[in-house]
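run22.txt follows; it contains compact mmCIF, C-alpha atoms.
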# COMPACT_ATOMS: atom_id res chain seq x y z
CA MET H 6 2.93 10.07 -28.61
CA VAL H 7 1.53 6.61 -27.90
CA ALA H 8 -2.28 6.47 -28.04
CA LEU H 9 -4.10 5.44 -24.87
CA VAL H 10 -5.21 1.82 -25.14
CA TRP H 11 -8.78 0.87 -24.16
CA LEU H 12 -9.20 -2.57 -22.61
CA ASP H 13 -12.21 -4.83 -22.45
CA PRO H 14 -12.52 -7.14 -19.42
CA GLY H 15 -10.02 -9.98 -19.75
CA ASP H 16 -7.77 -8.17 -22.24
CA PRO H 17 -4.02 -8.32 -21.51
CA PHE H 18 -2.35 -5.14 -20.33
CA PRO H 19 -0.13 -3.38 -22.87
CA PRO H 20 3.66 -3.16 -22.36
CA THR H 21 4.47 -0.73 -19.57
CA ARG H 22 6.90 1.11 -21.86
CA ASN H 23 3.81 2.56 -23.56
CA ALA H 24 3.36 4.79 -20.51
CA LEU H 25 6.67 6.59 -20.89
CA ASP H 26 5.08 9.67 -22.49
CA ASP H 27 3.04 10.38 -19.36
CA PRO H 28 4.93 11.69 -16.29
CA ASP H 29 2.64 9.82 -13.90
CA GLY H 30 2.63 6.66 -15.97
CA LEU H 31 -0.88 6.57 -17.44
CA LEU H 32 -0.93 3.31 -19.39
CA CYS H 33 -4.46 2.39 -20.42
CA ALA H 34 -8.15 2.59 -19.55
CA GLY H 35 -11.09 0.23 -19.24
CA ALA H 36 -11.12 -3.44 -18.21
CA ASP H 37 -12.65 -4.15 -14.78
CA LEU H 38 -11.69 -4.45 -11.11
CA SER H 39 -12.13 -8.19 -10.71
CA VAL H 40 -9.73 -10.14 -8.51
CA ASP H 41 -8.11 -11.67 -11.59
CA THR H 42 -7.61 -8.30 -13.28
CA LEU H 43 -6.16 -6.69 -10.16
CA LYS H 44 -3.78 -9.58 -9.64
CA ARG H 45 -2.58 -9.45 -13.25
CA ALA H 46 -2.11 -5.69 -12.97
CA TYR H 47 -0.18 -5.66 -9.70
CA SER H 48 2.04 -8.52 -10.84
CA ARG H 49 3.32 -6.12 -13.52
CA GLY H 50 3.47 -3.03 -11.34
CA ILE H 51 0.22 -1.54 -12.71
CA PHE H 52 -2.52 -0.15 -10.46
CA PRO H 53 -5.92 1.56 -10.88
CA TRP H 54 -6.40 5.22 -9.98
CA TYR H 55 -9.35 7.30 -11.09
CA SER H 56 -12.22 9.46 -9.82
CA ASP H 57 -15.99 9.18 -9.95
CA GLY H 58 -17.24 9.85 -13.46
CA GLN H 59 -14.02 8.64 -15.10
CA PRO H 60 -13.35 5.26 -16.69
CA ILE H 61 -10.99 2.92 -14.85
CA LEU H 62 -7.49 4.30 -15.46
CA TRP H 63 -4.36 2.18 -15.05
CA TRP H 64 -0.96 3.62 -14.09
CA THR H 65 2.68 2.58 -13.90
CA PRO H 66 4.81 5.60 -12.90
CA SER H 67 8.51 6.03 -13.52
CA PRO H 68 10.42 6.59 -11.41
CA ARG H 69 8.65 4.50 -8.81
CA MET H 70 8.72 5.49 -5.14
CA VAL H 71 9.80 2.44 -3.14
CA LEU H 72 10.77 1.75 0.45
CA VAL H 73 13.20 -0.95 1.49
CA PRO H 74 11.79 -1.86 4.92
CA GLU H 75 15.09 -1.62 6.79
CA ASN H 76 15.53 1.91 5.41
CA PHE H 77 12.41 3.23 7.14
CA HIS H 78 13.35 6.44 8.91
CA ALA H 79 11.71 6.94 12.30
CA SER H 80 12.06 10.49 13.59
CA ARG H 81 13.10 11.12 17.17
CA SER H 82 9.55 12.12 18.06
CA LEU H 83 8.11 8.96 16.50
CA ARG H 84 10.60 6.74 18.34
CA LYS H 85 9.73 8.45 21.62
CA HIS H 86 6.03 7.96 20.90
CA LEU H 87 6.49 4.26 20.11
CA ARG H 88 8.32 3.63 23.37
CA LYS H 89 5.60 5.26 25.46
CA SER H 90 2.44 4.56 23.47
CA ASP H 91 -0.44 2.54 24.89
CA TRP H 92 -1.95 2.05 21.45
CA HIS H 93 -2.91 -1.40 20.19
CA ILE H 94 -2.19 -2.79 16.72
CA SER H 95 -4.14 -5.44 14.86
CA ILE H 96 -3.79 -6.99 11.41
CA ASP H 97 -6.62 -7.77 8.99
CA GLN H 98 -9.27 -7.31 11.67
CA GLN H 99 -10.97 -4.19 10.27
CA PHE H 100 -9.97 -4.11 6.62
CA GLU H 101 -13.21 -2.60 5.35
CA ALA H 102 -13.17 0.08 8.04
CA VAL H 103 -9.57 1.05 7.21
CA VAL H 104 -10.44 1.43 3.52
CA THR H 105 -13.51 3.51 4.41
CA HIS H 106 -11.45 5.78 6.66
CA CYS H 107 -8.82 6.18 3.94
CA ALA H 108 -11.56 7.20 1.50
CA ASN H 109 -13.28 9.65 3.85
CA THR H 110 -10.35 11.32 5.61
CA PRO H 111 -9.72 14.80 4.10
CA ARG H 112 -6.27 15.38 2.61
CA ASP H 113 -4.49 18.65 1.90
CA GLY H 114 -4.77 19.64 -1.76
CA GLN H 115 -7.26 16.87 -2.58
CA PRO H 116 -10.90 17.99 -2.94
CA GLY H 117 -12.20 14.42 -3.16
CA THR H 118 -11.06 10.82 -3.11
CA TRP H 119 -9.93 8.30 -5.69
CA ILE H 120 -11.12 5.49 -3.40
CA THR H 121 -14.59 5.37 -4.91
CA ASP H 122 -17.36 3.02 -3.81
CA GLU H 123 -16.41 0.79 -6.75
CA MET H 124 -12.77 0.73 -5.64
CA GLN H 125 -13.73 -0.03 -2.04
CA ALA H 126 -15.83 -3.00 -3.11
CA ALA H 127 -13.03 -4.26 -5.39
CA TYR H 128 -10.36 -4.17 -2.68
CA LEU H 129 -12.69 -5.85 -0.22
CA ASP H 130 -13.02 -8.69 -2.75
CA PHE H 131 -9.23 -8.67 -3.13
CA HIS H 132 -8.86 -8.88 0.64
CA GLN H 133 -11.30 -11.78 0.89
CA ALA H 134 -9.27 -13.54 -1.82
CA GLY H 135 -6.18 -13.22 0.39
CA TYR H 136 -4.23 -10.57 -1.52
CA ALA H 137 -5.10 -7.30 0.26
CA HIS H 138 -4.28 -6.58 3.90
CA SER H 139 -4.65 -3.90 6.53
CA ILE H 140 -2.83 -2.77 9.63
CA GLU H 141 -4.97 -1.07 12.24
CA VAL H 142 -3.87 1.31 15.00
CA LEU H 143 -6.32 1.55 17.91
CA GLU H 144 -6.70 3.81 20.90
CA ASP H 145 -9.17 2.70 23.55
CA GLY H 146 -10.57 0.21 21.04
CA GLN H 147 -11.20 2.84 18.36
CA LEU H 148 -9.42 3.10 15.02
CA VAL H 149 -7.14 6.15 14.97
CA GLY H 150 -4.96 5.19 12.02
CA GLY H 151 -4.00 2.46 9.61
CA LEU H 152 -3.01 1.46 6.14
CA TYR H 153 -3.99 -1.08 3.52
CA GLY H 154 -2.33 -2.53 0.47
CA VAL H 155 -1.70 -5.57 -1.67
CA CYS H 156 0.83 -8.33 -1.06
CA LEU H 157 2.15 -10.49 -3.89
CA GLY H 158 5.03 -12.72 -2.91
CA GLN H 159 7.53 -10.56 -1.06
CA VAL H 160 6.28 -7.20 -2.32
CA PHE H 161 3.76 -5.04 -0.47
CA PHE H 162 2.02 -2.44 -2.64
CA GLY H 163 0.91 0.34 -0.31
CA GLU H 164 -2.41 1.80 -1.36
CA SER H 165 -3.45 4.34 1.27
CA MET H 166 -3.04 5.41 4.89
CA PHE H 167 -5.10 7.51 7.25
CA SER H 168 -4.46 9.18 10.56
CA HIS H 169 -6.88 10.60 13.12
CA ALA H 170 -4.15 11.10 15.74
CA ASP H 171 -0.57 12.34 15.56
CA ASN H 172 1.82 9.59 14.37
CA ALA H 173 -0.98 7.05 13.79
CA SER H 174 -0.35 6.37 10.10
CA LYS H 175 3.42 6.55 10.64
CA THR H 176 3.05 3.96 13.39
CA ALA H 177 1.23 1.64 10.98
CA LEU H 178 3.96 2.01 8.34
CA TRP H 179 6.73 1.65 10.92
CA PHE H 180 5.05 -1.55 12.15
CA LEU H 181 4.89 -2.98 8.62
CA CYS H 182 8.57 -2.20 8.00
CA ALA H 183 9.79 -3.26 11.45
CA LEU H 184 8.19 -6.68 11.08
CA ALA H 185 8.68 -6.97 7.31
CA ALA H 186 11.19 -9.80 7.46
CA THR H 187 10.23 -11.57 10.68
CA ARG H 188 6.45 -11.42 10.44
CA PHE H 189 5.34 -10.52 6.90
CA ASP H 190 8.14 -11.93 4.69
CA ILE H 191 8.29 -8.65 2.74
CA ARG H 192 11.41 -7.35 1.02
CA LEU H 193 10.08 -4.27 -0.77
CA VAL H 194 7.26 -1.78 -0.16
CA ASP H 195 5.90 -0.04 -3.25
CA CYS H 196 4.80 3.52 -2.45
CA GLN H 197 3.78 4.27 -6.06
CA MET H 198 4.05 8.06 -6.55
CA GLN H 199 6.85 10.33 -5.39
CA THR H 200 6.05 12.64 -2.46
CA SER H 201 8.25 14.62 -0.11
CA HIS H 202 6.46 13.06 2.87
CA LEU H 203 7.41 9.54 1.77
CA ALA H 204 10.99 10.68 1.21
CA THR H 205 11.23 11.80 4.85
CA LEU H 206 10.22 8.26 5.87
CA GLY H 207 13.04 6.66 3.88
CA ALA H 208 11.42 5.97 0.50
CA SER H 209 13.35 6.76 -2.66
CA PRO H 210 12.66 6.81 -6.42
CA MET H 211 13.55 3.83 -8.60
CA PRO H 212 13.41 3.75 -12.41
CA ARG H 213 10.58 1.60 -13.75
CA PRO H 214 12.86 -1.01 -15.40
CA ALA H 215 14.74 -1.59 -12.13
CA PHE H 216 11.48 -1.77 -10.18
CA GLU H 217 10.01 -4.27 -12.65
CA GLN H 218 13.13 -6.44 -12.43
CA GLN H 219 12.85 -6.61 -8.64
CA LEU H 220 9.09 -7.14 -8.84
CA ASP H 221 9.47 -10.01 -11.27
CA VAL H 222 11.77 -11.84 -8.85
CA LEU H 223 10.16 -10.98 -5.51
CA GLN H 224 6.54 -11.62 -6.45
CA ARG H 225 7.45 -15.18 -7.47
CA GLN H 226 8.83 -15.97 -4.02
CA PRO H 227 6.40 -17.77 -1.72
CA ASN H 228 5.14 -15.49 1.03
CA ARG H 229 5.09 -17.19 4.40
CA GLY H 230 3.98 -14.08 6.23
CA GLN H 231 1.48 -14.25 9.05
CA TRP H 232 -1.32 -11.73 8.65
CA ALA H 233 -4.70 -11.84 10.43
CA THR H 234 -4.00 -11.17 14.12
CA PRO H 235 -6.19 -9.74 16.91
CA SER H 236 -5.05 -6.53 18.53
CA GLN H 237 -2.40 -6.41 21.20
CA ASP H 238 -0.69 -3.46 22.81
CA LEU H 239 2.34 -2.00 21.11
CA ALA H 240 4.61 -2.86 24.04
CA SER H 241 3.75 -6.55 23.60
CA TRP H 242 4.65 -6.37 19.91
CA LEU H 243 7.97 -4.74 20.83
CA ARG H 244 8.78 -7.47 23.37
CA GLN H 245 7.67 -10.34 21.14
CA TYR H 246 9.88 -9.28 18.24
CA ARG H 247 12.61 -7.64 20.31
CA LEU H 248 12.16 -4.33 18.54
CA GLU H 249 14.01 -1.19 19.55
CA PRO H 250 12.22 1.90 18.17

The structure given in the file should be rewritten as structure tokens.
Amino acid sequence: MVALVWLDPGDPFPPTRNALDDPDGLLCAGADLSVDTLKRAYSRGIFPWYSDGQPILWWTPSPRMVLVPENFHASRSLRKHLRKSDWHISIDQQFEAVVTHCANTPRDGQPGTWITDEMQAAYLDFHQAGYAHSIEVLEDGQLVGGLYGVCLGQVFFGESMFSHADNASKTALWFLCALAATRFDIRLVDCQMQTSHLATLGASPMPRPAFEQQLDVLQRQPNRGQWATPSQDLASWLRQYRLEP
């Protein structure tokens, strides 16, 4: 079994093949959550995931759950909701609030959150540096759902979603995938860990070597996506981009 490597800030990450002995892809520990460290990690398909009281743990699972945007599966009920909804959607207008909601929203089978105060501060720095983004779903001006993640080149690394109303988080993910090519210049959405919920939305597992090959190519492509945008009603988004839910 390969021993877990401890990193000091600035140290290079070990080869991802060192994580093969761990089913969830635990690779190493330590380092820091600076913008530079996070960028180096994501560029190799590595991400932080740990709880309060633990050191920073870095992961690279195999297989990797990924979603090709055009393969997003919208259920009949979601499509009906999208056609009739009076919700508004904004982009990068309430990033910090989305992260906070993701951290504080209870989840089945999870007694706490991995989105610690330290992680929230780190991703806010990453957002201010232009690498992390959020999609916000609003009802009567109030956040009811959303997601945030990291964009490098043409890859979006989904970090977390939350929902305070039926279909709210699904609407955020549908929006990201529906406008992936025309608005965000995204070709692949990384969903990280395998879950049955993600599978129902069209995500599928990909072996780590195949994922890293795609990542190496796509992250090098210039991203011409348009992000920060004030809220507008969902019907306006549908008309503007000629979307058919």

Select from region 65-128 of chain H every residue with an atom at most 9 Å from any atom of region 162-180 of chain H, then for each give the shortest pair of atoms and their distance in Å to one decimal, using only C-alpha atoms, rows by chain and rising number, as CSV.
residue,atom,partner,partner_atom,distance
H:Pro74,CA,H:Trp179,CA,8.6
H:Phe77,CA,H:Trp179,CA,7.0
H:His78,CA,H:Trp179,CA,8.4
H:Ala79,CA,H:Trp179,CA,7.4
H:Ser82,CA,H:Asn172,CA,8.9
H:Leu83,CA,H:Asn172,CA,6.7
H:His86,CA,H:Asn172,CA,7.9
H:Leu87,CA,H:Thr176,CA,7.6
H:Ile94,CA,H:Ala177,CA,8.0
H:Val103,CA,H:Phe167,CA,7.9
H:Val104,CA,H:Ser165,CA,7.9
H:His106,CA,H:Phe167,CA,6.6
H:Cys107,CA,H:Phe167,CA,5.2
H:Ala108,CA,H:Ser165,CA,8.6
H:Thr110,CA,H:Phe167,CA,6.7

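Here the question is which of H:Arg225, H:Arg22, H:Arg88, H:His132 gets nearest to Pro66 (chain H) using all atoms listed in the file, and that residue is H:Arg22.
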
- How far is it from CA of Leu9 (chain H) to CA of Ala34 (chain H), in Å with one decimal?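 About the pair CA of Leu9 (chain H) and CA of Ala34 (chain H): they are 7.3 Å apart.
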
- Item | Nearest-residue call for Val149 (chain H), choices H:Arg192, H:His202, H:His93, H:Arg213, using only C-alpha atoms |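 For Val149 (chain H), the nearest of the given residues is H:His93.
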
- Query: Which residue, H:Ala24, H:Cys196, H:Leu62, H:Val155, has the smallest gap to Asp37 (chain H) when you use all atoms listed in the file?
  - Reply: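 Ranking H:Ala24, H:Cys196, H:Leu62, H:Val155 by distance to Asp37 (chain H), first place goes to H:Leu62.
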
- Interatomic distance, CA of Asp195 (chain H) to CA of Met70 (chain H) (Å, one decimal):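 So the answer is 6.5 Å.
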
- Message: At a cut-off of 12 Å, using all atoms listed in the file, what residues contact Val71 (chain H)? Leave out same-chain residues fewer than 3 positions from it and give the result as a PyMOL selection string.
- Response: chain H and resi 50+66-68+74-77+160-163+192-200+203-204+206-213+215-217+219-220

- Query: Near Gly135 (chain H), counting all atoms listed in the file, which residues have an atom at most 12 Å away, once you skip same-chain residues fewer than 5 positions from it, shown as a VMD selection string?
  - Reply: chain H and resid 40 44 97 100 128 to 130 154 to 158 228 230 to 233

Store the residues of this selection in a file with C-alpha atoms, as a PDB file, in the coordinates of the input.
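Okay, part-v3.pdb is ready:
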ATOM      1  CA  VAL H  40      -9.730 -10.140  -8.510  1.00  0.00           C
ATOM      2  CA  LYS H  44      -3.780  -9.580  -9.640  1.00  0.00           C
ATOM      3  CA  ASP H  97      -6.620  -7.770   8.990  1.00  0.00           C
ATOM      4  CA  PHE H 100      -9.970  -4.110   6.620  1.00  0.00           C
ATOM      5  CA  TYR H 128     -10.360  -4.170  -2.680  1.00  0.00           C
ATOM      6  CA  LEU H 129     -12.690  -5.850  -0.220  1.00  0.00           C
ATOM      7  CA  ASP H 130     -13.020  -8.690  -2.750  1.00  0.00           C
ATOM      8  CA  GLY H 154      -2.330  -2.530   0.470  1.00  0.00           C
ATOM      9  CA  VAL H 155      -1.700  -5.570  -1.670  1.00  0.00           C
ATOM     10  CA  CYS H 156       0.830  -8.330  -1.060  1.00  0.00           C
ATOM     11  CA  LEU H 157       2.150 -10.490  -3.890  1.00  0.00           C
ATOM     12  CA  GLY H 158       5.030 -12.720  -2.910  1.00  0.00           C
ATOM     13  CA  ASN H 228       5.140 -15.490   1.030  1.00  0.00           C
ATOM     14  CA  GLY H 230       3.980 -14.080   6.230  1.00  0.00           C
ATOM     15  CA  GLN H 231       1.480 -14.250   9.050  1.00  0.00           C
ATOM     16  CA  TRP H 232      -1.320 -11.730   8.650  1.00  0.00           C
ATOM     17  CA  ALA H 233      -4.700 -11.840  10.430  1.00  0.00           C
TER      18      ALA H 233
END

- Message: Report, in Å to a single decimal, how far apart CA of Asp41 (chain H) and CA of Pro20 (chain H) are.
- Response: 18.1 Å

- Gly58 (chain H) environment, 12 Å, all atoms listed in the file, sequence neighbours closer than 6 positions dropped, as a PyMOL selection string: chain H and resi 119+121-123

- Query: Can you list, as a list of chain:residue names, every protein, DNA or RNA residue that comes within 9 Å of Asp91 (chain H) when you count only C-alpha atoms, leaving out same-chain residues fewer than 6 positions away?
  - Reply: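 With the cut-off at 9 Å, the set is H:Glu144, H:Asp145, H:Asp238, H:Leu239, H:Ala240.
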
- Nearest residue to Leu143 (chain H) from the set H:Leu184, H:Ile96, H:Met124, H:Ile61 (distances using all atoms listed in the file):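 Nearest to Leu143 (chain H): H:Ile96.
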